[in-house]
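Reproduced below: structure-v1.cif, with mmCIF, N, CA and C atoms.
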```cif
data_data
#
loop_
_atom_site.label_atom_id
_atom_site.label_comp_id
_atom_site.auth_asym_id
_atom_site.auth_seq_id
_atom_site.Cartn_x
_atom_site.Cartn_y
_atom_site.Cartn_z
N MET C 1 6.36 -68.60 35.12
CA MET C 1 5.68 -67.40 35.56
C MET C 1 6.45 -66.77 36.72
N LEU C 2 6.62 -65.47 36.65
CA LEU C 2 7.31 -64.72 37.70
C LEU C 2 6.49 -64.81 38.98
N GLN C 3 7.13 -65.19 40.08
CA GLN C 3 6.41 -65.41 41.33
C GLN C 3 6.74 -64.36 42.38
N ILE C 4 6.93 -63.14 41.90
CA ILE C 4 7.13 -61.98 42.77
C ILE C 4 6.41 -60.82 42.11
N SER C 5 5.76 -60.00 42.90
CA SER C 5 5.02 -58.87 42.32
C SER C 5 5.99 -57.81 41.80
N PRO C 6 5.61 -57.17 40.71
CA PRO C 6 6.44 -56.07 40.19
C PRO C 6 6.67 -54.98 41.23
N ALA C 7 5.72 -54.76 42.13
CA ALA C 7 5.89 -53.74 43.17
C ALA C 7 7.04 -54.11 44.11
N LYS C 8 7.17 -55.38 44.43
CA LYS C 8 8.29 -55.81 45.30
C LYS C 8 9.61 -55.69 44.57
N VAL C 9 9.62 -56.02 43.29
CA VAL C 9 10.84 -55.85 42.50
C VAL C 9 11.21 -54.37 42.44
N ALA C 10 10.22 -53.52 42.26
CA ALA C 10 10.47 -52.07 42.22
C ALA C 10 11.06 -51.59 43.54
N GLN C 11 10.61 -52.15 44.65
CA GLN C 11 11.16 -51.77 45.96
C GLN C 11 12.65 -52.11 46.02
N VAL C 12 13.01 -53.29 45.51
CA VAL C 12 14.42 -53.69 45.49
C VAL C 12 15.20 -52.77 44.56
N ILE C 13 14.65 -52.46 43.41
CA ILE C 13 15.33 -51.57 42.46
C ILE C 13 15.60 -50.21 43.09
N ILE C 14 14.60 -49.64 43.72
CA ILE C 14 14.75 -48.32 44.33
C ILE C 14 15.81 -48.32 45.42
N ARG C 15 15.76 -49.31 46.29
CA ARG C 15 16.76 -49.39 47.37
C ARG C 15 18.16 -49.66 46.83
N ALA C 16 18.26 -50.53 45.82
CA ALA C 16 19.57 -50.83 45.24
C ALA C 16 20.15 -49.58 44.57
N ARG C 17 19.30 -48.76 43.96
CA ARG C 17 19.78 -47.50 43.38
C ARG C 17 20.31 -46.57 44.46
N GLU C 18 19.63 -46.55 45.59
CA GLU C 18 20.09 -45.70 46.70
C GLU C 18 21.46 -46.14 47.17
N ILE C 19 21.67 -47.43 47.25
CA ILE C 19 22.97 -47.95 47.67
C ILE C 19 24.03 -47.63 46.63
N ASP C 20 23.70 -47.83 45.35
CA ASP C 20 24.64 -47.54 44.27
C ASP C 20 25.04 -46.07 44.23
N ALA C 21 24.14 -45.19 44.67
CA ALA C 21 24.41 -43.74 44.63
C ALA C 21 25.37 -43.31 45.73
N LYS C 22 25.55 -44.15 46.73
CA LYS C 22 26.44 -43.78 47.83
C LYS C 22 27.88 -43.78 47.35
N VAL C 23 28.66 -42.91 47.94
CA VAL C 23 30.08 -42.80 47.60
C VAL C 23 30.90 -42.93 48.87
N GLY C 24 32.19 -43.13 48.71
CA GLY C 24 33.08 -43.19 49.85
C GLY C 24 33.11 -41.87 50.60
N THR C 25 33.40 -41.94 51.87
CA THR C 25 33.45 -40.75 52.70
C THR C 25 34.57 -39.81 52.24
N TRP C 26 34.24 -38.56 52.01
CA TRP C 26 35.25 -37.57 51.65
C TRP C 26 35.40 -36.52 52.74
N ASP C 27 34.57 -36.61 53.74
CA ASP C 27 34.53 -35.65 54.84
C ASP C 27 35.32 -36.25 56.00
N THR C 28 36.55 -35.81 56.23
CA THR C 28 37.38 -36.39 57.27
C THR C 28 36.89 -36.05 58.66
N ALA C 29 36.06 -35.03 58.79
CA ALA C 29 35.54 -34.69 60.11
C ALA C 29 34.51 -35.71 60.58
N GLY C 30 33.88 -36.42 59.63
CA GLY C 30 32.90 -37.46 59.97
C GLY C 30 31.60 -36.92 60.53
N ASN C 31 31.23 -35.71 60.15
CA ASN C 31 30.02 -35.10 60.65
C ASN C 31 28.82 -35.59 59.84
N ASP C 32 28.03 -36.52 60.40
CA ASP C 32 26.89 -37.09 59.69
C ASP C 32 25.80 -36.06 59.40
N ALA C 33 25.75 -34.99 60.12
CA ALA C 33 24.71 -33.98 59.94
C ALA C 33 25.03 -33.02 58.79
N ASP C 34 26.24 -33.08 58.26
CA ASP C 34 26.66 -32.19 57.19
C ASP C 34 25.86 -32.46 55.93
N ALA C 35 25.18 -31.47 55.41
CA ALA C 35 24.35 -31.63 54.22
C ALA C 35 25.16 -32.06 53.01
N ASP C 36 26.44 -31.69 52.96
CA ASP C 36 27.28 -32.07 51.83
C ASP C 36 27.62 -33.55 51.83
N SER C 37 27.37 -34.26 52.92
CA SER C 37 27.78 -35.65 53.01
C SER C 37 26.61 -36.63 52.95
N ILE C 38 25.45 -36.18 52.50
CA ILE C 38 24.25 -37.02 52.50
C ILE C 38 24.40 -38.26 51.62
N LEU C 39 25.20 -38.20 50.57
CA LEU C 39 25.37 -39.35 49.70
C LEU C 39 26.58 -40.20 50.07
N GLU C 40 27.18 -39.92 51.20
CA GLU C 40 28.32 -40.72 51.62
C GLU C 40 27.87 -42.02 52.25
N ALA C 41 28.59 -43.08 51.97
CA ALA C 41 28.33 -44.36 52.61
C ALA C 41 28.89 -44.29 54.03
N ARG C 42 28.09 -44.55 55.00
CA ARG C 42 28.48 -44.49 56.40
C ARG C 42 28.20 -45.82 57.07
N ALA C 43 28.97 -46.14 58.07
CA ALA C 43 28.79 -47.41 58.78
C ALA C 43 27.38 -47.52 59.37
N GLY C 44 26.79 -46.41 59.79
CA GLY C 44 25.47 -46.45 60.41
C GLY C 44 24.32 -46.33 59.41
N ASP C 45 24.61 -46.32 58.11
CA ASP C 45 23.59 -46.16 57.09
C ASP C 45 22.71 -47.41 57.04
N ALA C 46 21.42 -47.21 57.16
CA ALA C 46 20.49 -48.33 57.24
C ALA C 46 20.00 -48.82 55.89
N THR C 47 20.31 -48.14 54.80
CA THR C 47 19.75 -48.49 53.49
C THR C 47 20.07 -49.93 53.11
N GLU C 48 21.32 -50.33 53.21
CA GLU C 48 21.69 -51.70 52.84
C GLU C 48 21.05 -52.71 53.78
N ALA C 49 21.03 -52.42 55.06
CA ALA C 49 20.41 -53.33 56.03
C ALA C 49 18.92 -53.48 55.75
N GLU C 50 18.27 -52.39 55.38
CA GLU C 50 16.84 -52.44 55.06
C GLU C 50 16.59 -53.30 53.82
N LEU C 51 17.42 -53.13 52.80
CA LEU C 51 17.25 -53.93 51.58
C LEU C 51 17.53 -55.40 51.87
N ARG C 52 18.58 -55.67 52.62
CA ARG C 52 18.90 -57.06 52.99
C ARG C 52 17.72 -57.69 53.74
N ALA C 53 17.16 -56.98 54.69
CA ALA C 53 16.02 -57.49 55.47
C ALA C 53 14.80 -57.70 54.58
N PHE C 54 14.58 -56.79 53.64
CA PHE C 54 13.45 -56.92 52.72
C PHE C 54 13.59 -58.19 51.88
N ILE C 55 14.76 -58.40 51.30
CA ILE C 55 14.99 -59.59 50.47
C ILE C 55 14.88 -60.85 51.31
N ASP C 56 15.48 -60.84 52.51
CA ASP C 56 15.42 -62.00 53.39
C ASP C 56 13.99 -62.31 53.82
N GLY C 57 13.13 -61.29 53.85
CA GLY C 57 11.74 -61.47 54.25
C GLY C 57 10.84 -62.02 53.15
N LEU C 58 11.35 -62.06 51.92
CA LEU C 58 10.58 -62.65 50.83
C LEU C 58 10.53 -64.16 50.99
N ASN C 59 9.46 -64.78 50.49
CA ASN C 59 9.41 -66.24 50.56
C ASN C 59 10.35 -66.84 49.51
N ASP C 60 10.55 -68.15 49.56
CA ASP C 60 11.51 -68.81 48.66
C ASP C 60 11.17 -68.60 47.19
N ASP C 61 9.89 -68.68 46.84
CA ASP C 61 9.48 -68.49 45.45
C ASP C 61 9.80 -67.07 44.98
N GLU C 62 9.57 -66.09 45.83
CA GLU C 62 9.86 -64.70 45.48
C GLU C 62 11.36 -64.49 45.33
N GLN C 63 12.14 -65.07 46.23
CA GLN C 63 13.59 -64.92 46.15
C GLN C 63 14.15 -65.55 44.88
N THR C 64 13.68 -66.76 44.55
CA THR C 64 14.20 -67.41 43.34
C THR C 64 13.76 -66.65 42.09
N SER C 65 12.57 -66.10 42.10
CA SER C 65 12.10 -65.30 40.96
C SER C 65 12.94 -64.03 40.82
N LEU C 66 13.32 -63.43 41.94
CA LEU C 66 14.14 -62.22 41.92
C LEU C 66 15.51 -62.52 41.31
N VAL C 67 16.10 -63.64 41.71
CA VAL C 67 17.40 -64.03 41.14
C VAL C 67 17.25 -64.31 39.64
N ALA C 68 16.21 -65.05 39.27
CA ALA C 68 15.98 -65.36 37.87
C ALA C 68 15.77 -64.09 37.05
N LEU C 69 15.04 -63.15 37.60
CA LEU C 69 14.81 -61.88 36.93
C LEU C 69 16.11 -61.12 36.71
N MET C 70 16.98 -61.13 37.71
CA MET C 70 18.29 -60.48 37.58
C MET C 70 19.09 -61.16 36.47
N TRP C 71 19.06 -62.50 36.44
CA TRP C 71 19.78 -63.22 35.39
C TRP C 71 19.25 -62.90 34.00
N ILE C 72 17.94 -62.74 33.88
CA ILE C 72 17.34 -62.38 32.59
C ILE C 72 17.80 -60.97 32.20
N GLY C 73 17.81 -60.06 33.14
CA GLY C 73 18.28 -58.70 32.87
C GLY C 73 19.75 -58.65 32.52
N ARG C 74 20.52 -59.59 33.06
CA ARG C 74 21.96 -59.67 32.78
C ARG C 74 22.23 -60.46 31.48
N GLU C 75 21.15 -61.01 30.91
CA GLU C 75 21.19 -61.78 29.68
C GLU C 75 21.87 -63.13 29.83
N THR C 76 21.87 -63.67 31.05
CA THR C 76 22.32 -65.03 31.27
C THR C 76 21.26 -65.99 30.72
N TYR C 77 20.00 -65.58 30.84
CA TYR C 77 18.85 -66.30 30.29
C TYR C 77 18.03 -65.32 29.48
N GLY C 78 17.28 -65.86 28.53
CA GLY C 78 16.34 -65.05 27.78
C GLY C 78 15.01 -65.01 28.50
N ALA C 79 14.17 -64.07 28.12
CA ALA C 79 12.85 -63.95 28.74
C ALA C 79 12.04 -65.23 28.56
N ASP C 80 12.25 -65.92 27.45
CA ASP C 80 11.52 -67.16 27.20
C ASP C 80 12.05 -68.33 28.04
N GLU C 81 13.10 -68.11 28.80
CA GLU C 81 13.70 -69.14 29.65
C GLU C 81 13.45 -68.88 31.14
N LEU C 82 12.41 -68.13 31.43
CA LEU C 82 12.11 -67.77 32.82
C LEU C 82 11.97 -69.00 33.71
N ALA C 83 11.21 -69.98 33.29
CA ALA C 83 11.01 -71.18 34.12
C ALA C 83 12.33 -71.88 34.41
N GLU C 84 13.19 -71.98 33.40
CA GLU C 84 14.50 -72.61 33.59
C GLU C 84 15.36 -71.79 34.55
N ALA C 85 15.31 -70.47 34.41
CA ALA C 85 16.09 -69.60 35.30
C ALA C 85 15.62 -69.74 36.74
N ILE C 86 14.31 -69.83 36.95
CA ILE C 86 13.77 -70.00 38.30
C ILE C 86 14.20 -71.35 38.87
N ASP C 87 14.10 -72.41 38.07
CA ASP C 87 14.52 -73.74 38.53
C ASP C 87 16.00 -73.76 38.89
N THR C 88 16.83 -73.13 38.07
CA THR C 88 18.26 -73.07 38.33
C THR C 88 18.55 -72.28 39.60
N ALA C 89 17.87 -71.15 39.77
CA ALA C 89 18.07 -70.34 40.98
C ALA C 89 17.71 -71.15 42.22
N ARG C 90 16.65 -71.93 42.14
CA ARG C 90 16.22 -72.76 43.27
C ARG C 90 17.26 -73.85 43.57
N MET C 91 17.76 -74.50 42.53
CA MET C 91 18.72 -75.60 42.71
C MET C 91 20.09 -75.14 43.15
N GLU C 92 20.52 -73.96 42.70
CA GLU C 92 21.88 -73.49 42.96
C GLU C 92 22.01 -72.63 44.21
N LYS C 93 20.93 -72.40 44.91
CA LYS C 93 21.00 -71.56 46.11
C LYS C 93 21.87 -72.24 47.16
N THR C 94 22.89 -71.52 47.62
CA THR C 94 23.79 -72.07 48.63
C THR C 94 23.88 -71.19 49.87
N GLY C 95 23.35 -70.00 49.81
CA GLY C 95 23.42 -69.07 50.94
C GLY C 95 22.28 -68.08 50.85
N PRO C 96 22.33 -67.07 51.68
CA PRO C 96 21.26 -66.06 51.65
C PRO C 96 21.17 -65.35 50.30
N THR C 97 19.99 -65.27 49.78
CA THR C 97 19.76 -64.59 48.51
C THR C 97 20.19 -63.13 48.59
N SER C 98 19.94 -62.50 49.72
CA SER C 98 20.32 -61.08 49.87
C SER C 98 21.82 -60.90 49.71
N ARG C 99 22.61 -61.80 50.27
CA ARG C 99 24.07 -61.69 50.16
C ARG C 99 24.48 -61.82 48.69
N TYR C 100 23.89 -62.77 48.00
CA TYR C 100 24.20 -62.95 46.58
C TYR C 100 23.83 -61.71 45.77
N LEU C 101 22.60 -61.26 45.90
CA LEU C 101 22.13 -60.14 45.08
C LEU C 101 22.85 -58.84 45.41
N LEU C 102 23.12 -58.57 46.67
CA LEU C 102 23.80 -57.33 47.03
C LEU C 102 25.27 -57.33 46.61
N GLY C 103 25.77 -58.49 46.23
CA GLY C 103 27.13 -58.58 45.70
C GLY C 103 27.20 -58.40 44.19
N VAL C 104 26.04 -58.21 43.55
CA VAL C 104 25.99 -58.07 42.10
C VAL C 104 26.05 -56.59 41.73
N PRO C 105 27.13 -56.17 41.06
CA PRO C 105 27.18 -54.79 40.59
C PRO C 105 26.05 -54.55 39.59
N LEU C 106 25.48 -53.39 39.60
CA LEU C 106 24.40 -53.01 38.68
C LEU C 106 23.11 -53.79 38.91
N LEU C 107 22.88 -54.25 40.14
CA LEU C 107 21.68 -55.02 40.45
C LEU C 107 20.42 -54.32 39.99
N SER C 108 20.27 -53.05 40.29
CA SER C 108 19.05 -52.33 39.92
C SER C 108 18.87 -52.30 38.40
N ASP C 109 19.96 -52.11 37.67
CA ASP C 109 19.88 -52.09 36.21
C ASP C 109 19.44 -53.44 35.66
N TYR C 110 19.99 -54.52 36.21
CA TYR C 110 19.64 -55.86 35.75
C TYR C 110 18.19 -56.20 36.06
N LEU C 111 17.72 -55.82 37.24
CA LEU C 111 16.32 -56.09 37.57
C LEU C 111 15.38 -55.30 36.66
N GLU C 112 15.73 -54.06 36.40
CA GLU C 112 14.92 -53.23 35.51
C GLU C 112 14.91 -53.82 34.10
N ALA C 113 16.06 -54.26 33.62
CA ALA C 113 16.14 -54.86 32.29
C ALA C 113 15.37 -56.18 32.24
N GLY C 114 15.40 -56.93 33.34
CA GLY C 114 14.65 -58.18 33.42
C GLY C 114 13.15 -57.94 33.32
N LEU C 115 12.65 -56.95 34.06
CA LEU C 115 11.23 -56.61 33.97
C LEU C 115 10.88 -56.20 32.54
N ASP C 116 11.72 -55.37 31.96
CA ASP C 116 11.48 -54.90 30.61
C ASP C 116 11.44 -56.07 29.62
N ALA C 117 12.37 -57.02 29.77
CA ALA C 117 12.41 -58.18 28.88
C ALA C 117 11.15 -59.02 28.99
N LEU C 118 10.54 -59.02 30.18
CA LEU C 118 9.31 -59.78 30.38
C LEU C 118 8.06 -58.97 30.03
N GLY C 119 8.27 -57.74 29.56
CA GLY C 119 7.14 -56.90 29.16
C GLY C 119 6.41 -56.25 30.32
N ILE C 120 7.10 -56.11 31.45
CA ILE C 120 6.50 -55.49 32.62
C ILE C 120 7.02 -54.06 32.73
N SER C 121 6.14 -53.10 32.82
CA SER C 121 6.52 -51.71 32.89
C SER C 121 7.18 -51.39 34.23
N VAL C 122 8.41 -50.96 34.16
CA VAL C 122 9.14 -50.58 35.38
C VAL C 122 8.49 -49.36 36.02
N GLU C 123 8.09 -48.40 35.21
CA GLU C 123 7.49 -47.17 35.73
C GLU C 123 6.20 -47.48 36.48
N ASP C 124 5.36 -48.36 35.93
CA ASP C 124 4.13 -48.73 36.61
C ASP C 124 4.42 -49.43 37.93
N ALA C 125 5.42 -50.29 37.92
CA ALA C 125 5.79 -51.03 39.13
C ALA C 125 6.31 -50.09 40.21
N GLU C 126 7.09 -49.05 39.80
CA GLU C 126 7.64 -48.11 40.77
C GLU C 126 6.58 -47.19 41.35
N ASP C 127 5.49 -46.96 40.62
CA ASP C 127 4.42 -46.11 41.13
C ASP C 127 3.68 -46.87 42.19
#
```

Starting from the file, give its structure as C-alpha cells.
Amino acid sequence: MLQISPAKVAQVIIRAREIDAKVGTWDTAGNDADADSILEARAGDATEAELRAFIDGLNDDEQTSLVALMWIGRETYGADELAEAIDTARMEKTGPTSRYLLGVPLLSDYLEAGLDALGISVEDAED
C-alpha cells in the first residue's frame, strides 16, 4: 500500500515540473527583475530548495513510498510490485531521499506515471 498521500505526491510533481522548466541563464546582465528571464535558473532560486525541504520533511514511510512510486513510473517495478519496491527503497537508502530524487531526470513524469499505474488520478491529486 502506498504510504504517501496523492496530494503530497502532486506537490512534488508540481515543484519538479517548475525546476524542469528552468533554463540556463541567457541574460548576461543578470537582471533578476527582467520579465524575460523568469524561467532562468538562478543561484538564488528557491524552488529546488523548497522541494528538497519538502521531501526531507516527509517521514521515512512517505519517502520510501515516493521512491517506489518513481520506480513504478520508470517501469523498474510493476504496479503489482509496490510492496517489493517499497521494501527495496527502504533497504537501499544510503543518503538523503531528496538528493536521490532530484538527481532523477524526468522525476515529475515518472511520479505521474507511477500514480497512473496504481490507478490514482493525477488531476484529482493536483487539485

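The gap separating atom C of Ala21 (chain C) from atom N of Met70 (chain C) is 21.3 Å, in Å to one decimal.
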
Produce a table with one row for each residue of region 54-74 of chain C that has an atom at most 7 Å from any atom of region 1-6 of chain C, each row naming the nearest atom pair and its distance in Å at one decimal; use all atoms listed in the file; arrange rows by chain and rising residue number; format as JSON lines.
```
{"residue": "C:Asp61", "atom": "C", "partner": "C:Gln3", "partner_atom": "C", "distance": 4.8}
{"residue": "C:Glu62", "atom": "CA", "partner": "C:Gln3", "partner_atom": "C", "distance": 4.4}
{"residue": "C:Gln63", "atom": "N", "partner": "C:Gln3", "partner_atom": "C", "distance": 6.7}
{"residue": "C:Ser65", "atom": "CA", "partner": "C:Gln3", "partner_atom": "N", "distance": 5.0}
{"residue": "C:Leu66", "atom": "N", "partner": "C:Ile4", "partner_atom": "N", "distance": 6.4}
```

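The space between CA of Ser98 (chain C) and CA of Arg52 (chain C) spans 5.3 Å.
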
As an exercise, work out the distance from CA of Arg90 (chain C) to atom N of Ala46 (chain C) in Å and give it to one decimal place.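 Atom N of Ala46 (chain C) lies 29.5 Å from CA of Arg90 (chain C).
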
Practice prompt. For Gly73 (chain C), list every protein, DNA or RNA residue within 9 Å, evaluated using only C-alpha atoms, and leave out those in the same chain fewer than 3 positions away; present the list as a VMD selection string.
Written response: chain C and resid 68 to 70 76 to 79 109 to 117

**Request:** Identify, on the basis of only C-alpha atoms, every residue whose closest approach to region 53-57 of chain C does not exceed 10 Å; exclude the query and any residue fewer than 5 positions from it along the same chain; express the result as a ChimeraX atom specification.
**Result:** /C:8-9,11-12,15,47-48,62-63,66,96-99,101-102

Selection to disk with N, CA and C atoms, as a PDB file, keeping the file's coordinate frame:
```pdb
ATOM      1  N   LYS C   8       7.170 -55.380  44.430  1.00  0.00           N
ATOM      2  CA  LYS C   8       8.290 -55.810  45.300  1.00  0.00           C
ATOM      3  C   LYS C   8       9.610 -55.690  44.570  1.00  0.00           C
ATOM      4  N   VAL C   9       9.620 -56.020  43.290  1.00  0.00           N
ATOM      5  CA  VAL C   9      10.840 -55.850  42.500  1.00  0.00           C
ATOM      6  C   VAL C   9      11.210 -54.370  42.440  1.00  0.00           C
ATOM      7  N   GLN C  11      10.610 -52.150  44.650  1.00  0.00           N
ATOM      8  CA  GLN C  11      11.160 -51.770  45.960  1.00  0.00           C
ATOM      9  C   GLN C  11      12.650 -52.110  46.020  1.00  0.00           C
ATOM     10  N   VAL C  12      13.010 -53.290  45.510  1.00  0.00           N
ATOM     11  CA  VAL C  12      14.420 -53.690  45.490  1.00  0.00           C
ATOM     12  C   VAL C  12      15.200 -52.770  44.560  1.00  0.00           C
ATOM     13  N   ARG C  15      15.760 -49.310  46.290  1.00  0.00           N
ATOM     14  CA  ARG C  15      16.760 -49.390  47.370  1.00  0.00           C
ATOM     15  C   ARG C  15      18.160 -49.660  46.830  1.00  0.00           C
ATOM     16  N   THR C  47      20.310 -48.140  54.800  1.00  0.00           N
ATOM     17  CA  THR C  47      19.750 -48.490  53.490  1.00  0.00           C
ATOM     18  C   THR C  47      20.070 -49.930  53.110  1.00  0.00           C
ATOM     19  N   GLU C  48      21.320 -50.330  53.210  1.00  0.00           N
ATOM     20  CA  GLU C  48      21.690 -51.700  52.840  1.00  0.00           C
ATOM     21  C   GLU C  48      21.050 -52.710  53.780  1.00  0.00           C
ATOM     22  N   GLU C  62       9.570 -66.090  45.830  1.00  0.00           N
ATOM     23  CA  GLU C  62       9.860 -64.700  45.480  1.00  0.00           C
ATOM     24  C   GLU C  62      11.360 -64.490  45.330  1.00  0.00           C
ATOM     25  N   GLN C  63      12.140 -65.070  46.230  1.00  0.00           N
ATOM     26  CA  GLN C  63      13.590 -64.920  46.150  1.00  0.00           C
ATOM     27  C   GLN C  63      14.150 -65.550  44.880  1.00  0.00           C
ATOM     28  N   LEU C  66      13.320 -63.430  41.940  1.00  0.00           N
ATOM     29  CA  LEU C  66      14.140 -62.220  41.920  1.00  0.00           C
ATOM     30  C   LEU C  66      15.510 -62.520  41.310  1.00  0.00           C
ATOM     31  N   PRO C  96      22.330 -67.070  51.680  1.00  0.00           N
ATOM     32  CA  PRO C  96      21.260 -66.060  51.650  1.00  0.00           C
ATOM     33  C   PRO C  96      21.170 -65.350  50.300  1.00  0.00           C
ATOM     34  N   THR C  97      19.990 -65.270  49.780  1.00  0.00           N
ATOM     35  CA  THR C  97      19.760 -64.590  48.510  1.00  0.00           C
ATOM     36  C   THR C  97      20.190 -63.130  48.590  1.00  0.00           C
ATOM     37  N   SER C  98      19.940 -62.500  49.720  1.00  0.00           N
ATOM     38  CA  SER C  98      20.320 -61.080  49.870  1.00  0.00           C
ATOM     39  C   SER C  98      21.820 -60.900  49.710  1.00  0.00           C
ATOM     40  N   ARG C  99      22.610 -61.800  50.270  1.00  0.00           N
ATOM     41  CA  ARG C  99      24.070 -61.690  50.160  1.00  0.00           C
ATOM     42  C   ARG C  99      24.480 -61.820  48.690  1.00  0.00           C
ATOM     43  N   LEU C 101      22.600 -61.260  45.900  1.00  0.00           N
ATOM     44  CA  LEU C 101      22.130 -60.140  45.080  1.00  0.00           C
ATOM     45  C   LEU C 101      22.850 -58.840  45.410  1.00  0.00           C
ATOM     46  N   LEU C 102      23.120 -58.570  46.670  1.00  0.00           N
ATOM     47  CA  LEU C 102      23.800 -57.330  47.030  1.00  0.00           C
ATOM     48  C   LEU C 102      25.270 -57.330  46.610  1.00  0.00           C
TER      49      LEU C 102
END
```

Using only C-alpha atoms for the distances, tell me which of C:Leu106, C:Ala89, C:Leu82, C:Val67 is nearest to Ile19 (chain C).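 The shortest atom-to-atom distance to Ile19 (chain C) comes from C:Leu106.
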